[in-house]
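*Asks:* Dropping the structure in here first, questions after.
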Amino acid sequence: MSTRIPDSDVVRMAVDLACRAPSVHNSQPWHWRYETGSLDLHGDSSRMLGAVDPSGRQLVLSCGAALHHLQIAFTALKWSTEVRRLPDGAHSDHLATVRFGHDARPASHDFDLVAAIRRRYSDRRPLAAPDTATTRSIVSCVGPGDAQVTVLSPAAREVLADATARSAALRRYDTAYQEELHWWAGHTTRTTGIPPEALVTTEQHHRVDVGRRFPAGGRTAPEEAATEVDASTILLVSTSSDERHAWLAAGRMLSELLLEATAHGLATCPLTHVTELPGSREIIAGLIPGGGCPQALVRIGTAAPEGRPAPTPRLPTESVLSVAPSRR
């Protein structure tokens, strides 16, 4: 193995972990290309969701989360990463170029985050409130950057619940949205989308006031949770601008929050439904101290291990990674 660049097997291991990142409706809208020590990340526009994400904002955000997952994976494999974002300009699907140094010295927490990549899943059930100190610790762990995180208050949650209801009402008779939602959620494809066993029951839906209204899942809720109402803490990821570089930064922040929360033993559920329509997005913007552009939210809390949702499937690594032949 070269001491200067990772070989293709190492790259495959890291990309496999990167592709466990969350993406809108588990669309996995990314493609990686590795050649001569350089790994390029491209957004896959064929997987862009036209009704949910006509601007491609969530596609880029999803890729930003995968890029952060990738860096965590390479650090654990003792490779440092240098990332150049948007190397071909703001309008290109070429979102990042990653180069490497074999000089990383992973700490124990880096391995905790890799384990979190493997364990994390979206839990759409009602969650119990996390400890305040734990929430504070999670937020303190995320690094500085071009995205910010706000821990929302109970009063802000009421605003979110109202925005959720308004969004659901506006989209109830949106044929394109409903067709897209029902294709990606509950279909039988084994590599993409959200299978029925990863969704919650109708009764559980009614006990979560802030969440996308997916089709009902195929699981049975534990009887002891029948009166439980969601009490999760909600974190808001925002940026100062609404351009592609900001979307990538928001994806990184989303990844950091999800992995830190998972490493702290909490259940998580990323949310973007209230950032998709201009009216609800404007309402959420009013919750950001100093103003800004809301990009995503995360519910965090505790949940019983029994009855937990199944993890969503992933595309085979070889279908999202191209490795150029070695030059001799």
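Lettering and numbering for the structure tokens are positional, with chains as A, B, ... in the shown order, residues counted from 1 in each chain, and ligands counted from 1 in the shown order.
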Residues near Ala21 (chain A), anyone? I mean within 8 Å using only C-alpha atoms, not counting same-chain ones fewer than 2 positions away, as a count of residues only.
*Replies:* 10
*Asks:* List every residue of region 30-197 of chain A that DSSP, applied to the backbone of this structure, assigns to alpha helix (DSSP H), and report them as number ranges by chain.
*Replies:* A: 57-76, 108-119, 132-141, 154-171, 175-184
*Asks:* What lies within 12 Å of Ala73 (chain A) using only C-alpha atoms, ignoring chain neighbours under 4 positions off, as an MDAnalysis selection string?
*Replies:* chainID A and resid 10:21 66:69 77:81 104 106 110:118
*Asks:* So that I have them on file, write out the residues from the current selection with N, CA, C and O atoms, as a compact mmCIF listing (two decimals), in the first residue's frame.
*Replies:*
# COMPACT_ATOMS: atom_id res chain seq x y z
N VAL A 10 -9.07 0.93 0.53
CA VAL A 10 -9.29 1.88 1.62
C VAL A 10 -10.37 2.88 1.23
O VAL A 10 -11.26 3.22 2.02
N VAL A 11 -10.31 3.37 -0.01
CA VAL A 11 -11.30 4.32 -0.49
C VAL A 11 -12.70 3.69 -0.46
O VAL A 11 -13.68 4.32 -0.04
N ARG A 12 -12.80 2.45 -0.89
CA ARG A 12 -14.10 1.77 -0.87
C ARG A 12 -14.64 1.66 0.55
O ARG A 12 -15.85 1.84 0.78
N MET A 13 -13.79 1.35 1.49
CA MET A 13 -14.23 1.26 2.89
C MET A 13 -14.78 2.59 3.37
O MET A 13 -15.83 2.66 4.01
N ALA A 14 -14.07 3.68 3.05
CA ALA A 14 -14.49 5.00 3.50
C ALA A 14 -15.77 5.45 2.81
O ALA A 14 -16.67 6.02 3.43
N VAL A 15 -15.86 5.20 1.51
CA VAL A 15 -17.06 5.60 0.77
C VAL A 15 -18.28 4.80 1.24
O VAL A 15 -19.39 5.34 1.34
N ASP A 16 -18.07 3.53 1.56
CA ASP A 16 -19.17 2.72 2.09
C ASP A 16 -19.74 3.36 3.36
O ASP A 16 -20.97 3.42 3.53
N LEU A 17 -18.87 3.84 4.23
CA LEU A 17 -19.33 4.51 5.45
C LEU A 17 -19.96 5.86 5.12
O LEU A 17 -20.98 6.25 5.70
N ALA A 18 -19.36 6.59 4.19
CA ALA A 18 -19.90 7.90 3.81
C ALA A 18 -21.33 7.78 3.30
O ALA A 18 -22.18 8.64 3.58
N CYS A 19 -21.61 6.72 2.58
CA CYS A 19 -22.92 6.55 1.97
C CYS A 19 -23.99 6.10 2.96
O CYS A 19 -25.16 5.92 2.57
N ARG A 20 -23.63 5.96 4.21
CA ARG A 20 -24.62 5.73 5.26
C ARG A 20 -25.21 7.06 5.76
O ARG A 20 -26.07 7.07 6.64
N ALA A 21 -24.76 8.16 5.20
CA ALA A 21 -25.28 9.47 5.59
C ALA A 21 -26.76 9.58 5.24
O ALA A 21 -27.25 8.90 4.33
N ALA A 66 -22.73 13.43 3.60
CA ALA A 66 -21.91 12.29 3.18
C ALA A 66 -20.42 12.65 3.18
O ALA A 66 -19.57 11.83 3.54
N LEU A 67 -20.11 13.89 2.79
CA LEU A 67 -18.72 14.33 2.77
C LEU A 67 -18.13 14.34 4.18
O LEU A 67 -16.99 13.92 4.40
N HIS A 68 -18.91 14.79 5.17
CA HIS A 68 -18.43 14.77 6.55
C HIS A 68 -18.27 13.34 7.05
O HIS A 68 -17.28 13.01 7.72
N HIS A 69 -19.22 12.46 6.74
CA HIS A 69 -19.09 11.04 7.08
C HIS A 69 -17.77 10.49 6.51
O HIS A 69 -17.06 9.72 7.17
N LEU A 77 -9.17 5.69 9.62
CA LEU A 77 -8.25 4.85 8.85
C LEU A 77 -6.85 5.47 8.76
O LEU A 77 -6.01 4.99 8.00
N LYS A 78 -6.63 6.53 9.54
CA LYS A 78 -5.33 7.21 9.67
C LYS A 78 -4.95 8.04 8.45
O LYS A 78 -3.77 8.33 8.23
N TRP A 79 -5.95 8.48 7.69
CA TRP A 79 -5.69 9.37 6.57
C TRP A 79 -6.33 10.73 6.87
O TRP A 79 -7.51 10.81 7.18
N SER A 80 -5.54 11.79 6.77
CA SER A 80 -6.09 13.14 6.89
C SER A 80 -6.68 13.53 5.54
O SER A 80 -6.32 12.99 4.49
N THR A 81 -7.61 14.47 5.55
CA THR A 81 -8.28 14.90 4.32
C THR A 81 -8.20 16.41 4.17
O THR A 81 -8.36 17.16 5.13
N ALA A 104 -2.90 11.17 9.86
CA ALA A 104 -3.94 11.36 10.88
C ALA A 104 -3.64 10.48 12.10
O ALA A 104 -3.16 9.36 11.97
N PRO A 106 -5.97 9.27 14.86
CA PRO A 106 -7.32 9.25 15.42
C PRO A 106 -7.33 9.08 16.93
O PRO A 106 -6.55 8.31 17.48
N ASP A 110 -12.92 9.62 17.71
CA ASP A 110 -13.07 9.40 16.28
C ASP A 110 -13.65 8.02 16.00
O ASP A 110 -14.49 7.84 15.11
N PHE A 111 -13.22 7.04 16.77
CA PHE A 111 -13.77 5.69 16.61
C PHE A 111 -15.21 5.62 17.12
O PHE A 111 -16.02 4.85 16.61
N ASP A 112 -15.53 6.44 18.13
CA ASP A 112 -16.92 6.52 18.59
C ASP A 112 -17.82 7.03 17.46
O ASP A 112 -18.94 6.56 17.29
N LEU A 113 -17.31 8.01 16.71
CA LEU A 113 -18.11 8.57 15.62
C LEU A 113 -18.27 7.58 14.47
O LEU A 113 -19.32 7.51 13.83
N VAL A 114 -17.22 6.80 14.19
CA VAL A 114 -17.35 5.75 13.16
C VAL A 114 -18.40 4.73 13.59
O VAL A 114 -19.24 4.29 12.78
N ALA A 115 -18.37 4.35 14.86
CA ALA A 115 -19.40 3.44 15.37
C ALA A 115 -20.79 4.06 15.25
O ALA A 115 -21.77 3.37 14.94
N ALA A 116 -20.87 5.37 15.46
CA ALA A 116 -22.15 6.06 15.34
C ALA A 116 -22.65 6.05 13.89
O ALA A 116 -23.85 5.94 13.64
N ILE A 117 -21.73 6.15 12.93
CA ILE A 117 -22.13 6.04 11.53
C ILE A 117 -22.83 4.72 11.27
O ILE A 117 -23.86 4.64 10.59
N ARG A 118 -22.30 3.66 11.85
CA ARG A 118 -22.87 2.32 11.64
C ARG A 118 -24.20 2.14 12.36
O ARG A 118 -25.06 1.40 11.90
*Asks:* Find the residues around region 281-293 of chain A up to 10 Å (only C-alpha atoms counted), leave out those fewer than 2 positions away in its own chain, and share them as a PyMOL selection string.
*Replies:* chain A and resi 147-153+155-157+159-160+162-163+167+236-243+246-247+272-279+295-296
*Asks:* Please write the residues from the selection above to a file, keeping C-alpha atoms, as an mmCIF file, in the first residue's frame.
*Replies:*
data_model
loop_
_atom_site.group_PDB
_atom_site.id
_atom_site.type_symbol
_atom_site.label_atom_id
_atom_site.label_comp_id
_atom_site.auth_asym_id
_atom_site.auth_seq_id
_atom_site.Cartn_x
_atom_site.Cartn_y
_atom_site.Cartn_z
ATOM 1 C CA ALA A 147 -23.422 26.804 9.572
ATOM 2 C CA GLN A 148 -24.931 27.427 12.990
ATOM 3 C CA VAL A 149 -27.035 25.332 15.349
ATOM 4 C CA THR A 150 -29.816 26.644 17.593
ATOM 5 C CA VAL A 151 -31.441 24.652 20.392
ATOM 6 C CA LEU A 152 -35.105 25.553 20.056
ATOM 7 C CA SER A 153 -37.251 26.392 23.064
ATOM 8 C CA ALA A 155 -42.271 28.076 22.600
ATOM 9 C CA ALA A 156 -40.412 27.713 19.311
ATOM 10 C CA ARG A 157 -41.650 24.138 19.090
ATOM 11 C CA VAL A 159 -44.220 27.529 15.952
ATOM 12 C CA LEU A 160 -42.706 24.456 14.324
ATOM 13 C CA ASP A 162 -47.931 25.112 13.348
ATOM 14 C CA ALA A 163 -45.585 25.260 10.352
ATOM 15 C CA SER A 167 -47.168 22.531 5.192
ATOM 16 C CA LEU A 236 -32.147 23.979 13.995
ATOM 17 C CA VAL A 237 -29.314 24.138 11.444
ATOM 18 C CA SER A 238 -29.064 27.464 9.633
ATOM 19 C CA THR A 239 -26.670 29.448 7.468
ATOM 20 C CA SER A 240 -26.113 33.127 6.817
ATOM 21 C CA SER A 241 -26.626 32.715 3.053
ATOM 22 C CA ASP A 242 -28.611 30.383 0.819
ATOM 23 C CA GLU A 243 -26.017 29.374 -1.755
ATOM 24 C CA ALA A 246 -23.829 27.163 2.505
ATOM 25 C CA TRP A 247 -25.885 24.060 1.709
ATOM 26 C CA THR A 272 -36.483 19.200 6.251
ATOM 27 C CA HIS A 273 -40.232 19.361 5.585
ATOM 28 C CA VAL A 274 -40.691 22.853 7.069
ATOM 29 C CA THR A 275 -37.814 24.268 4.998
ATOM 30 C CA GLU A 276 -39.295 23.299 1.620
ATOM 31 C CA LEU A 277 -42.169 25.760 1.155
ATOM 32 C CA PRO A 278 -41.440 29.521 1.197
ATOM 33 C CA GLY A 279 -44.146 30.314 3.758
ATOM 34 C CA GLN A 295 -31.685 24.474 6.242
ATOM 35 C CA ALA A 296 -32.621 21.459 8.399
#
*Asks:* Can you work out which one of A:Ala51, A:Thr262, A:Ser46, A:Asp123 has the shortest atom-to-atom distance to His182 (chain A), counting only C-alpha atoms?
*Replies:* A:Ala51
*Asks:* I'd like the neighbourhood of region 177-181 of chain A as a compact mmCIF listing (two decimals) with C-alpha atoms, in the first residue's frame, where a residue qualifies if any of its atoms comes within 8 Å (using only C-alpha atoms), though same-chain residues fewer than 6 positions away should be ignored.
*Replies:*
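Dumped to part_26.txt:
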# COMPACT_ATOMS: atom_id res chain seq x y z
CA HIS A 25 -36.22 10.24 1.25
CA LEU A 49 -36.60 14.95 -6.09
CA ALA A 51 -41.48 18.02 -6.05
CA VAL A 52 -39.69 18.13 -2.70
CA ARG A 171 -49.48 19.58 0.23
CA PHE A 214 -45.25 9.97 5.61
*Asks:* With distances taken over only C-alpha atoms, which of A:Gly145, A:Gly211, A:Pro6, A:Gly43 is nearest to Ser27 (chain A)?
*Replies:* A:Gly43
*Asks:* One decimal, Å: what's the distance from CA of Val139 (chain A) over to CA of Arg314 (chain A), could you say?
*Replies:*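 Separation of CA of Val139 (chain A) and CA of Arg314 (chain A): 28.2 Å.
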*Asks:* So, with only C-alpha atoms as the atoms that count, which of A:Gly265, A:Pro316, A:Pro270, A:Gly101 lies closest to Arg190 (chain A)?
*Replies:*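 Checking each candidate against Arg190 (chain A), we get A:Pro316 as the closest.
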*Asks:* What is the CA of Cys141 (chain A) to CA of Thr233 (chain A) distance in Å?
*Replies:*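 Atom-to-atom, CA of Cys141 (chain A) and CA of Thr233 (chain A) are spaced 16.6 Å apart.
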